[in-house]
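Shown below: target_27.pdb, with PDB, C-alpha atoms, pLDDT in the B column.
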MODEL        1
ATOM      1  CA  MET A 148      -1.306 -14.085  18.630  1.00 49.00           C
ATOM      2  CA  ALA A 149      -0.801 -10.787  20.357  1.00 62.00           C
ATOM      3  CA  ASP A 150       1.757  -9.290  17.990  1.00 92.00           C
ATOM      4  CA  GLU A 151       0.693  -7.071  15.118  1.00 94.00           C
ATOM      5  CA  VAL A 152       1.785  -5.276  11.992  1.00 97.00           C
ATOM      6  CA  TRP A 153      -0.063  -2.571  10.130  1.00 97.00           C
ATOM      7  CA  VAL A 154      -1.183  -3.206   6.565  1.00 98.00           C
ATOM      8  CA  VAL A 155      -1.596  -0.182   4.306  1.00 98.00           C
ATOM      9  CA  GLN A 156      -3.125  -0.759   0.874  1.00 98.00           C
ATOM     10  CA  THR A 157      -3.516   1.437  -2.154  1.00 98.00           C
ATOM     11  CA  THR A 158      -4.014   1.066  -5.884  1.00 97.00           C
ATOM     12  CA  LEU A 159      -2.096   2.587  -8.773  1.00 97.00           C
ATOM     13  CA  PRO A 160      -3.033   2.903 -12.432  1.00 96.00           C
ATOM     14  CA  VAL A 161      -1.997   0.095 -14.774  1.00 94.00           C
ATOM     15  CA  GLU A 162      -0.363   2.769 -16.956  1.00 95.00           C
ATOM     16  CA  TRP A 163       2.377   2.777 -14.339  1.00 95.00           C
ATOM     17  CA  LEU A 164       4.419  -0.048 -15.817  1.00 94.00           C
ATOM     18  CA  GLU A 165       5.936  -2.647 -13.506  1.00 94.00           C
ATOM     19  CA  PRO A 166       9.397  -1.008 -13.316  1.00 96.00           C
ATOM     20  CA  LEU A 167       7.844   2.295 -12.162  1.00 96.00           C
ATOM     21  CA  VAL A 168       5.645   0.526  -9.578  1.00 97.00           C
ATOM     22  CA  GLY A 169       8.694  -1.400  -8.369  1.00 97.00           C
ATOM     23  CA  GLU A 170      10.750   1.781  -8.064  1.00 97.00           C
ATOM     24  CA  TRP A 171       7.929   3.521  -6.167  1.00 97.00           C
ATOM     25  CA  CYS A 172       7.685   0.623  -3.701  1.00 98.00           C
ATOM     26  CA  TYR A 173      11.482   0.429  -3.409  1.00 98.00           C
ATOM     27  CA  ASN A 174      11.681   4.129  -2.521  1.00 97.00           C
ATOM     28  CA  ILE A 175       9.093   3.752   0.228  1.00 98.00           C
ATOM     29  CA  ILE A 176      10.908   0.766   1.721  1.00 98.00           C
ATOM     30  CA  SER A 177      14.337   2.411   1.408  1.00 98.00           C
ATOM     31  CA  GLN A 178      12.954   5.466   3.254  1.00 97.00           C
ATOM     32  CA  ASP A 179      12.078   3.055   6.097  1.00 97.00           C
ATOM     33  CA  LEU A 180       8.345   3.736   5.863  1.00 98.00           C
ATOM     34  CA  ALA A 181       7.498   0.047   5.385  1.00 98.00           C
ATOM     35  CA  ALA A 182       9.179  -3.306   5.919  1.00 97.00           C
ATOM     36  CA  CYS A 183       7.907  -4.815   2.669  1.00 97.00           C
ATOM     37  CA  ALA A 184       5.540  -4.305  -0.240  1.00 98.00           C
ATOM     38  CA  GLN A 185       3.556  -6.660  -2.403  1.00 97.00           C
ATOM     39  CA  ARG A 186       2.198  -5.645  -5.779  1.00 97.00           C
ATOM     40  CA  HIS A 187      -0.429  -7.438  -7.803  1.00 96.00           C
ATOM     41  CA  SER A 188      -2.235  -6.698 -11.042  1.00 96.00           C
ATOM     42  CA  ILE A 189      -5.983  -6.582 -10.368  1.00 97.00           C
ATOM     43  CA  THR A 190      -9.249  -5.561 -11.976  1.00 97.00           C
ATOM     44  CA  SER A 191     -11.268  -3.054  -9.964  1.00 96.00           C
ATOM     45  CA  MET A 192     -14.938  -2.249 -10.386  1.00 96.00           C
ATOM     46  CA  PHE A 193     -16.184   0.983  -8.847  1.00 94.00           C
ATOM     47  CA  LYS A 194     -18.635   3.818  -9.143  1.00 93.00           C
ATOM     48  CA  TRP A 195     -17.098   7.081 -10.350  1.00 90.00           C
ATOM     49  CA  GLU A 196     -18.993  10.167 -11.486  1.00 92.00           C
ATOM     50  CA  ASP A 197     -22.304   8.263 -11.251  1.00 95.00           C
ATOM     51  CA  GLU A 198     -21.159   5.455 -13.550  1.00 96.00           C
ATOM     52  CA  VAL A 199     -20.002   1.934 -12.796  1.00 97.00           C
ATOM     53  CA  GLN A 200     -16.532   1.527 -14.229  1.00 95.00           C
ATOM     54  CA  SER A 201     -13.913  -1.173 -14.454  1.00 96.00           C
ATOM     55  CA  ALA A 202     -10.166  -0.658 -14.647  1.00 95.00           C
ATOM     56  CA  GLU A 203      -6.960  -2.622 -14.501  1.00 96.00           C
ATOM     57  CA  GLU A 204      -4.849  -1.446 -11.571  1.00 97.00           C
ATOM     58  CA  TRP A 205      -1.961  -2.372  -9.344  1.00 98.00           C
ATOM     59  CA  ARG A 206      -2.849  -3.257  -5.745  1.00 98.00           C
ATOM     60  CA  ILE A 207       0.004  -2.362  -3.429  1.00 98.00           C
ATOM     61  CA  GLN A 208       0.083  -3.747   0.098  1.00 98.00           C
ATOM     62  CA  PHE A 209       2.668  -2.458   2.553  1.00 98.00           C
ATOM     63  CA  LYS A 210       3.523  -3.917   5.971  1.00 98.00           C
ATOM     64  CA  THR A 211       4.568  -1.273   8.462  1.00 97.00           C
ATOM     65  CA  THR A 212       4.416  -0.324  12.119  1.00 95.00           C
ATOM     66  CA  PHE A 213       1.869   1.735  14.004  1.00 94.00           C
ATOM     67  CA  SER A 214       4.442   4.497  14.497  1.00 95.00           C
ATOM     68  CA  LYS A 215       5.197   4.694  10.735  1.00 97.00           C
ATOM     69  CA  LYS A 216       1.647   4.237   9.428  1.00 97.00           C
ATOM     70  CA  ASP A 217       0.606   7.909   9.316  1.00 98.00           C
ATOM     71  CA  HIS A 218       3.853   8.989   7.657  1.00 98.00           C
ATOM     72  CA  LEU A 219       3.450   6.223   5.053  1.00 98.00           C
ATOM     73  CA  ILE A 220      -0.124   7.319   4.348  1.00 98.00           C
ATOM     74  CA  SER A 221       1.032  10.944   3.948  1.00 98.00           C
ATOM     75  CA  LYS A 222       3.732   9.835   1.501  1.00 98.00           C
ATOM     76  CA  ILE A 223       1.235   7.821  -0.551  1.00 98.00           C
ATOM     77  CA  THR A 224      -1.239  10.713  -0.580  1.00 97.00           C
ATOM     78  CA  SER A 225       1.371  13.265  -1.669  1.00 96.00           C
ATOM     79  CA  GLU A 226       2.587  11.151  -4.610  1.00 94.00           C
ATOM     80  CA  HIS A 227      -0.636   9.494  -5.727  1.00 95.00           C
ATOM     81  CA  PRO A 228      -1.896  10.190  -9.268  1.00 94.00           C
ATOM     82  CA  TYR A 229      -5.607   9.650  -8.490  1.00 93.00           C
ATOM     83  CA  ASP A 230      -7.934  12.467  -7.391  1.00 90.00           C
ATOM     84  CA  VAL A 231      -9.317  10.206  -4.652  1.00 92.00           C
ATOM     85  CA  PRO A 232      -6.824   7.440  -3.934  1.00 95.00           C
ATOM     86  CA  MET A 233      -7.938   4.258  -2.218  1.00 96.00           C
ATOM     87  CA  ILE A 234      -5.876   4.068   0.962  1.00 98.00           C
ATOM     88  CA  ILE A 235      -6.894   1.716   3.731  1.00 98.00           C
ATOM     89  CA  ALA A 236      -4.976   0.715   6.824  1.00 98.00           C
ATOM     90  CA  PHE A 237      -5.627  -1.947   9.406  1.00 98.00           C
ATOM     91  CA  ALA A 238      -3.829  -3.835  12.140  1.00 97.00           C
ATOM     92  CA  ALA A 239      -3.186  -7.508  11.483  1.00 97.00           C
ATOM     93  CA  GLU A 240      -2.234 -10.114  14.033  1.00 95.00           C
ATOM     94  CA  THR A 241       0.929 -12.020  13.210  1.00 95.00           C
ATOM     95  CA  THR A 242       3.610 -14.186  14.725  1.00 94.00           C
ATOM     96  CA  SER A 243       6.015 -12.591  17.148  1.00 93.00           C
ATOM     97  CA  GLU A 244       8.896 -13.381  14.780  1.00 94.00           C
ATOM     98  CA  TYR A 245       7.293 -11.573  11.837  1.00 94.00           C
ATOM     99  CA  ALA A 246       6.234  -8.626  13.995  1.00 93.00           C
ATOM    100  CA  GLU A 247       9.776  -8.325  15.339  1.00 92.00           C
ATOM    101  CA  TRP A 248      11.188  -8.363  11.801  1.00 93.00           C
ATOM    102  CA  ALA A 249       8.656  -5.825  10.510  1.00 92.00           C
ATOM    103  CA  ASN A 250       9.263  -3.547  13.482  1.00 86.00           C
ATOM    104  CA  SER A 251      13.059  -3.598  13.213  1.00 83.00           C
TER     105      SER A 251
ENDMDL
END
What is this structure when it is put down as structure tokens?
Amino acid sequence: MADEVWVVQTTLPVEWLEPLVGEWCYNIISQDLAACAQRHSITSMFKWEDEVQSAEEWRIQFKTTFSKKDHLISKITSEHPYDVPMIIAFAAETTSEYAEWANS
């Protein structure tokens, strides 16, 4: 497979109820910054302020294009409630059909 999409992931606090998370994802897609979003309830374990902590969160995974990736990351950063949001991005190989759809 030579075609690719970009995957951008972040987490949001569980206090953001599902309708708010859905609206946030909808707004990003409707602004044409991503082709789709998936949201899942997860439990994260992490070190913060020298203590190991655990928290319920939402994991959000967007599929986007290389040309939209930086703008999407800027949007996430500007609206994110965390002091240090987890934002990772990576290229993923996919079928030519899916890449064409995601890039349209």
Polymer residues at most 8 Å from Asp150 (chain A), all atoms listed in the file, same-chain spacing of 4 or more positions, as a list in words:
Glu240, Thr241, Thr242, Ser243 and Ala246 of chain A
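You can rank A:Glu196, A:Trp153, A:Ala202, A:Ala238 by their closest distance to Ala184 (chain A) using all atoms listed in the file, and at the top of that list sits A:Trp153.
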Just say which residues the PyMOL selection byres ((chain A and resi 223) around 12) picks in this file, as a PDB file with C-alpha atoms, in the frame of the given file.
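Produced file expr16.pdb, reproduced below:
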ATOM      1  CA  VAL A 155      -1.596  -0.182   4.306  1.00 98.00           C
ATOM      2  CA  GLN A 156      -3.125  -0.759   0.874  1.00 98.00           C
ATOM      3  CA  THR A 157      -3.516   1.437  -2.154  1.00 98.00           C
ATOM      4  CA  THR A 158      -4.014   1.066  -5.884  1.00 97.00           C
ATOM      5  CA  LEU A 159      -2.096   2.587  -8.773  1.00 97.00           C
ATOM      6  CA  TRP A 171       7.929   3.521  -6.167  1.00 97.00           C
ATOM      7  CA  CYS A 172       7.685   0.623  -3.701  1.00 98.00           C
ATOM      8  CA  ASN A 174      11.681   4.129  -2.521  1.00 97.00           C
ATOM      9  CA  ILE A 175       9.093   3.752   0.228  1.00 98.00           C
ATOM     10  CA  LEU A 180       8.345   3.736   5.863  1.00 98.00           C
ATOM     11  CA  ALA A 181       7.498   0.047   5.385  1.00 98.00           C
ATOM     12  CA  ILE A 207       0.004  -2.362  -3.429  1.00 98.00           C
ATOM     13  CA  GLN A 208       0.083  -3.747   0.098  1.00 98.00           C
ATOM     14  CA  PHE A 209       2.668  -2.458   2.553  1.00 98.00           C
ATOM     15  CA  LYS A 216       1.647   4.237   9.428  1.00 97.00           C
ATOM     16  CA  ASP A 217       0.606   7.909   9.316  1.00 98.00           C
ATOM     17  CA  HIS A 218       3.853   8.989   7.657  1.00 98.00           C
ATOM     18  CA  LEU A 219       3.450   6.223   5.053  1.00 98.00           C
ATOM     19  CA  ILE A 220      -0.124   7.319   4.348  1.00 98.00           C
ATOM     20  CA  SER A 221       1.032  10.944   3.948  1.00 98.00           C
ATOM     21  CA  LYS A 222       3.732   9.835   1.501  1.00 98.00           C
ATOM     22  CA  THR A 224      -1.239  10.713  -0.580  1.00 97.00           C
ATOM     23  CA  SER A 225       1.371  13.265  -1.669  1.00 96.00           C
ATOM     24  CA  GLU A 226       2.587  11.151  -4.610  1.00 94.00           C
ATOM     25  CA  HIS A 227      -0.636   9.494  -5.727  1.00 95.00           C
ATOM     26  CA  PRO A 228      -1.896  10.190  -9.268  1.00 94.00           C
ATOM     27  CA  TYR A 229      -5.607   9.650  -8.490  1.00 93.00           C
ATOM     28  CA  VAL A 231      -9.317  10.206  -4.652  1.00 92.00           C
ATOM     29  CA  PRO A 232      -6.824   7.440  -3.934  1.00 95.00           C
ATOM     30  CA  MET A 233      -7.938   4.258  -2.218  1.00 96.00           C
ATOM     31  CA  ILE A 234      -5.876   4.068   0.962  1.00 98.00           C
ATOM     32  CA  ILE A 235      -6.894   1.716   3.731  1.00 98.00           C
ATOM     33  CA  ALA A 236      -4.976   0.715   6.824  1.00 98.00           C
TER      34      ALA A 236
END
I'd like the interatomic distance between CA of Val152 (chain A) and CA of Glu203 (chain A), to a tenth of an Å.
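Here the two named atoms are 28.0 Å from each other.
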Which residues would end up in the selection if the PyMOL selection byres ((chain A and resi 251) around 12) were applied here, given that I need the answer as an MDAnalysis selection string?
chainID A and resid 152 179:183 210:212 214:215 244:250
How many Å separate CA of Gln178 (chain A) from CA of Glu204 (chain A)?
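Going from CA of Gln178 (chain A) over to CA of Glu204 (chain A), I get 24.2 Å.
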How many Å separate CA of Ala239 (chain A) from CA of Gln185 (chain A)?
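Interatomic distance here is 15.5 Å.
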Running the PyMOL selection byres ((chain A and resi 201) around 9) on this model by hand, what would come out? Give it as a PyMOL selection string.
chain A and resi 190-194+199-200+202-203
For the selection just defined, write its residues with C-alpha atoms to a file, as a JSON list (two decimals), in the coordinates of the input.
[["chain", "number", "residue", "atom", "x", "y", "z"],
["A", 190, "THR", "CA", -9.25, -5.56, -11.98],
["A", 191, "SER", "CA", -11.27, -3.05, -9.96],
["A", 192, "MET", "CA", -14.94, -2.25, -10.39],
["A", 193, "PHE", "CA", -16.18, 0.98, -8.85],
["A", 194, "LYS", "CA", -18.64, 3.82, -9.14],
["A", 199, "VAL", "CA", -20.00, 1.93, -12.80],
["A", 200, "GLN", "CA", -16.53, 1.53, -14.23],
["A", 202, "ALA", "CA", -10.17, -0.66, -14.65],
["A", 203, "GLU", "CA", -6.96, -2.62, -14.50]]
Hey, can I get the axis-aligned box for region 234-247 of chain A? All listed atoms, 6 Å padding on each side, centre and edge lengths in Å to one decimal, as JSON.
{"center_x": 1.4, "center_y": -5.1, "center_z": 9.1, "size_x": 28.7, "size_y": 30.3, "size_z": 28.2}
